[in-house]
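Asks: Contents of my_file-v7.txt (compact mmCIF, C-alpha atoms) are below:
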# COMPACT_ATOMS: atom_id res chain seq x y z
CA MET D 1 0.00 0.00 0.00
CA ALA D 2 2.83 2.42 0.83
CA SER D 3 4.38 1.89 -2.58
CA HIS D 4 1.03 2.69 -4.27
CA THR D 5 0.83 5.94 -2.30
CA ASP D 6 4.45 6.77 -3.13
CA THR D 7 3.83 6.02 -6.80
CA LYS D 8 0.65 8.08 -6.79
CA THR D 9 2.44 10.95 -5.06
CA GLU D 10 5.35 10.86 -7.50
CA ARG D 11 3.00 10.69 -10.49
CA TYR D 12 0.92 13.56 -9.11
CA LEU D 13 3.93 15.78 -8.48
CA ARG D 14 5.31 15.04 -11.95
CA MET D 15 1.96 15.85 -13.57
CA ILE D 16 1.57 19.11 -11.64
CA GLU D 17 5.11 20.19 -12.51
CA ALA D 18 4.76 19.24 -16.19
CA HIS D 19 1.39 20.97 -16.61
CA ARG D 20 1.65 23.91 -14.19
CA GLN D 21 1.40 26.43 -17.03
CA VAL D 22 -1.82 24.86 -18.35
CA ILE D 23 -3.33 24.88 -14.86
CA ASN D 24 -2.30 28.51 -14.37
CA LYS D 25 -3.69 29.59 -17.74
CA VAL D 26 -7.10 28.09 -17.12
CA CYS D 27 -7.30 29.41 -13.56
CA TYR D 28 -6.06 32.80 -14.71
CA MET D 29 -8.91 33.13 -17.19
CA TYR D 30 -11.52 32.42 -14.51
CA ALA D 31 -10.00 34.29 -11.57
CA GLU D 32 -11.29 37.58 -10.20
CA ASP D 33 -8.18 38.49 -8.30
CA ALA D 34 -4.97 37.00 -6.93
CA ASP D 35 -6.70 35.24 -4.01
CA HIS D 36 -9.34 33.76 -6.28
CA PHE D 37 -6.56 32.60 -8.64
CA LYS D 38 -4.85 30.79 -5.75
CA ASP D 39 -8.15 29.22 -4.66
CA LEU D 40 -8.81 27.95 -8.18
CA CYS D 41 -5.29 26.53 -8.54
CA GLN D 42 -5.64 24.77 -5.19
CA GLU D 43 -9.03 23.37 -6.18
CA VAL D 44 -7.65 22.12 -9.53
CA THR D 45 -4.65 20.42 -7.97
CA ALA D 46 -6.89 18.81 -5.33
CA ASN D 47 -9.15 17.47 -8.08
CA ILE D 48 -6.15 16.14 -9.99
CA TRP D 49 -5.05 14.28 -6.85
CA THR D 50 -8.56 12.90 -6.34
CA GLY D 51 -8.94 11.81 -9.95
CA ILE D 52 -5.42 10.64 -10.76
CA ASP D 53 -6.25 6.95 -10.20
CA LYS D 54 -9.09 7.23 -12.73
CA PHE D 55 -6.78 8.57 -15.46
CA ARG D 56 -6.05 5.55 -17.65
CA GLY D 57 -4.14 7.28 -20.42
CA GLU D 58 -6.95 7.03 -22.96
CA SER D 59 -6.29 10.68 -23.82
CA ALA D 60 -3.12 12.74 -23.61
CA GLU D 61 -2.17 13.65 -20.07
CA SER D 62 -2.28 17.34 -21.02
CA THR D 63 -5.83 16.93 -22.35
CA TRP D 64 -6.94 15.29 -19.11
CA ILE D 65 -5.30 18.03 -17.01
CA TYR D 66 -6.94 20.72 -19.18
CA ARG D 67 -10.32 19.06 -18.76
CA VAL D 68 -9.93 18.77 -14.98
CA ALA D 69 -8.84 22.42 -14.74
CA LEU D 70 -11.65 23.67 -16.96
CA ASN D 71 -14.34 21.60 -15.22
CA THR D 72 -13.02 22.64 -11.81
CA CYS D 73 -13.08 26.34 -12.65
CA VAL D 74 -16.57 26.19 -14.17
CA THR D 75 -17.89 24.19 -11.20
CA TYR D 76 -16.18 26.53 -8.73
CA PHE D 77 -17.69 29.52 -10.50
CA ARG D 78 -21.19 28.02 -10.43
CA ARG D 79 -20.86 27.04 -6.79
CA ASN D 80 -19.51 30.39 -5.59
CA ARG D 81 -20.96 32.85 -8.15
CA ARG D 82 -18.01 35.17 -7.60
CA HIS D 83 -16.83 35.94 -11.10
CA SER D 84 -17.68 39.40 -12.39
CA GLY D 85 -16.91 38.73 -16.06
CA CYS D 86 -13.78 40.86 -16.30
CA LEU D 87 -10.39 40.13 -14.94
CA PRO D 88 -8.25 42.69 -13.12
CA LEU D 89 -5.07 41.52 -14.78
CA ASP D 90 -2.62 43.44 -12.64
CA SER D 91 -3.71 41.61 -9.49
CA VAL D 92 -3.38 38.07 -10.88
CA ALA D 93 -0.11 36.14 -11.08
CA GLU D 94 1.77 36.82 -14.31
CA ILE D 95 1.52 33.93 -16.74
CA ALA D 96 3.92 35.38 -19.25
CA ASP D 97 7.37 33.90 -19.23
CA ASP D 98 10.07 35.50 -17.15
CA SER D 99 11.60 37.37 -20.07
CA SER D 100 12.20 41.06 -19.67
CA ASP D 101 10.38 41.86 -22.92
CA GLY D 102 7.95 44.51 -21.73
CA ASN D 103 6.20 44.73 -25.09
CA ARG D 104 5.46 40.99 -25.11
CA THR D 105 4.09 41.19 -21.57
CA ARG D 106 1.95 44.20 -22.50
CA LEU D 107 0.55 42.37 -25.54
CA LEU D 108 -0.16 39.23 -23.50
CA LYS D 109 -1.99 41.27 -20.86
CA GLU D 110 -4.06 42.92 -23.56
CA MET D 111 -4.86 39.56 -25.15
CA TYR D 112 -5.93 38.08 -21.79
CA ARG D 113 -7.98 41.20 -21.03
CA LEU D 114 -9.88 40.78 -24.30
CA ILE D 115 -10.29 37.03 -23.83
CA SER D 116 -11.58 37.54 -20.28
CA ARG D 117 -14.60 39.37 -21.72
CA LEU D 118 -15.71 36.33 -23.71
CA SER D 119 -18.36 33.86 -22.58
CA LYS D 120 -17.11 30.88 -20.58
CA LEU D 121 -17.37 28.52 -23.54
CA ASP D 122 -15.75 30.93 -26.02
CA LYS D 123 -12.98 31.57 -23.50
CA ALA D 124 -12.31 27.85 -23.18
CA ILE D 125 -12.38 27.33 -26.95
CA ILE D 126 -9.94 30.12 -27.76
CA MET D 127 -7.57 29.12 -24.95
CA LEU D 128 -7.51 25.54 -26.23
CA TRP D 129 -6.91 26.81 -29.77
CA LEU D 130 -4.10 29.09 -28.58
CA ASP D 131 -2.56 26.06 -26.89
CA GLU D 132 -2.61 24.38 -30.32
CA TYR D 133 -5.22 21.75 -29.60
CA SER D 134 -6.80 20.36 -32.76
CA TYR D 135 -10.41 21.11 -33.66
CA ASP D 136 -11.18 17.45 -32.89
CA ASP D 137 -9.61 17.70 -29.43
CA ILE D 138 -11.46 20.95 -28.71
CA ALA D 139 -14.71 19.35 -29.86
CA SER D 140 -14.09 16.39 -27.58
CA LEU D 141 -13.30 18.61 -24.58
CA THR D 142 -16.27 20.95 -25.07
CA GLY D 143 -18.90 18.59 -26.42
CA LEU D 144 -19.29 20.59 -29.65
CA THR D 145 -18.99 19.33 -33.18
CA ARG D 146 -15.75 19.90 -35.09
CA THR D 147 -17.60 22.18 -37.52
CA ASN D 148 -19.06 24.23 -34.68
CA VAL D 149 -15.58 24.58 -33.14
CA GLY D 150 -14.19 25.88 -36.44
CA SER D 151 -17.01 28.38 -36.82
CA ARG D 152 -16.69 29.58 -33.24
CA ILE D 153 -12.91 30.01 -33.50
CA HIS D 154 -13.33 32.07 -36.67
CA ARG D 155 -15.99 34.25 -35.00
CA ILE D 156 -14.00 34.62 -31.75
CA ARG D 157 -10.83 35.61 -33.60
CA ARG D 158 -12.75 38.21 -35.60
CA GLN D 159 -14.34 39.53 -32.40
CA LEU D 160 -10.95 39.77 -30.64
CA ILE D 161 -9.39 41.57 -33.60
CA ASN D 162 -12.27 44.04 -33.73
CA GLU D 163 -12.04 44.68 -29.97
CA SER D 164 -8.28 45.19 -30.11
CA ASN D 165 -8.67 47.81 -32.85
CA LYS D 166 -11.03 49.97 -30.77
Please rewrite the model in this file as structure tokens.
Replies:
Amino acid sequence: MASHTDTKTERYLRMIEAHRQVINKVCYMYAEDADHFKDLCQEVTANIWTGIDKFRGESAESTWIYRVALNTCVTYFRRNRRHSGCLPLDSVAEIADDSSDGNRTRLLKEMYRLISRLSKLDKAIIMLWLDEYSYDDIASLTGLTRTNVGSRIHRIRRQLINESNK
């Protein structure tokens, strides 16, 4: 039994370390502020621990982590009804890499600000697309058809471009 726990712990820690950026991105898009971001991250990692024995490798590990994070954030939002719809980006942990490129950071903040205004589903779709998931993977994760995913991505991109030009 101890070896199972050790193996589970090691697997869990490896998964969290390997997919920390994915977890942070999803939580970032649903957080209201820095404390809410931390709560969401904690909730996601707890759900990964709880569900790790059920992960059988039928999908990519990153896909499973994304799904757990997304479902956790949506469930947390529904349960707590805290989210206001817009994200105060300056108060949430920086997801951008540690480079000193101020222009890149500024552009990323602007992109996340625009994305934070989208509906929950559109937000999830565009984040998955930005993370280079295929239309089929996005369809599987969201329950939409591949065609619907393609149409939504096209519409979301057009909406984001229009908003950024205002």
Asks: Could you tell me how far atom CA of Arg152 of chain D lies from atom CA of Asp122 of chain D, in Å and to one decimal?
Replies: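 It comes out at 7.4 Å.
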Asks: Rank D:Ile125, D:Leu160, D:Leu118, D:Ala18 by their smallest atom-to-atom distance to Arg146 of chain D, using all atoms listed in the file, and report the top residue only.
Replies: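 The shortest atom-to-atom distance to Arg146 of chain D comes from D:Ile125.
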Asks: Between D:Val22, D:Cys27, D:Leu121, D:Ile16, which is the closest to Ile48 of chain D once you count all atoms listed in the file?
Replies: D:Ile16
Asks: Quick one: everything within 9 Å of Thr63 of chain D, counting all atoms listed in the file, minus sequence neighbours fewer than 3 positions away in the same chain. Send it as number ranges by chain.
Replies: D: 59-60, 66-68, 133, 137, 141
Asks: Those same residues, written as a PDB file, in the frame of the given file with C-alpha atoms?
Replies:
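Saved to again_36.pdb:
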ATOM      1  CA  SER D  59      -6.290  10.680 -23.820  1.00  0.00           C
ATOM      2  CA  ALA D  60      -3.120  12.740 -23.610  1.00  0.00           C
ATOM      3  CA  TYR D  66      -6.940  20.720 -19.180  1.00  0.00           C
ATOM      4  CA  ARG D  67     -10.320  19.060 -18.760  1.00  0.00           C
ATOM      5  CA  VAL D  68      -9.930  18.770 -14.980  1.00  0.00           C
ATOM      6  CA  TYR D 133      -5.220  21.750 -29.600  1.00  0.00           C
ATOM      7  CA  ASP D 137      -9.610  17.700 -29.430  1.00  0.00           C
ATOM      8  CA  LEU D 141     -13.300  18.610 -24.580  1.00  0.00           C
TER       9      LEU D 141
END
Asks: Just how far from atom CA of Lys25 of chain D is atom CA of Asp39 of chain D, in Å to one decimal?
Replies: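 Atom CA of Asp39 of chain D sits 13.8 Å away from atom CA of Lys25 of chain D.
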Asks: At a cut-off of 9 Å, using all atoms listed in the file, what residues contact Glu43 of chain D? Leave out same-chain residues fewer than 4 positions from it and give the result as a ChimeraX atom specification.
Replies: /D:38-39,47-48,69,72-73,76
Asks: Atom CA of His19 of chain D and atom CA of Lys54 of chain D, how far apart in Å?
Replies: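 That distance, rounded to one decimal, is 17.7 Å.
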Asks: Taking only C-alpha atoms into account, which of D:Ser119, D:Met29, D:Glu61, D:Glu132 comes nearest Arg14 of chain D?
Replies: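 Using only C-alpha atoms, the shortest distance to Arg14 of chain D belongs to D:Glu61.
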Asks: Pick out the residues sitting within 9 Å of Tyr135 of chain D, and hand them over as a list in words; count all atoms listed in the file, and ignore anything fewer than 2 positions along from it in its own chain.
Replies: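 Residues near the query, excluding close chain neighbours: Trp129, Tyr133, Asp137, Ile138, Ala139, Ser140, Thr145, Arg146, Thr147, Val149 and Gly150 of chain D.
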Asks: Adding 8 Å on each side of the box along x, y and z that holds all listed atoms of segment 12-26 of chain D, could you give its centre and edge lengths in Å to one decimal, as AutoDock Vina command-line options?
Replies:
--center_x -0.9 --center_y 21.6 --center_z -13.4 --size_x 28.4 --size_y 32.0 --size_z 25.9
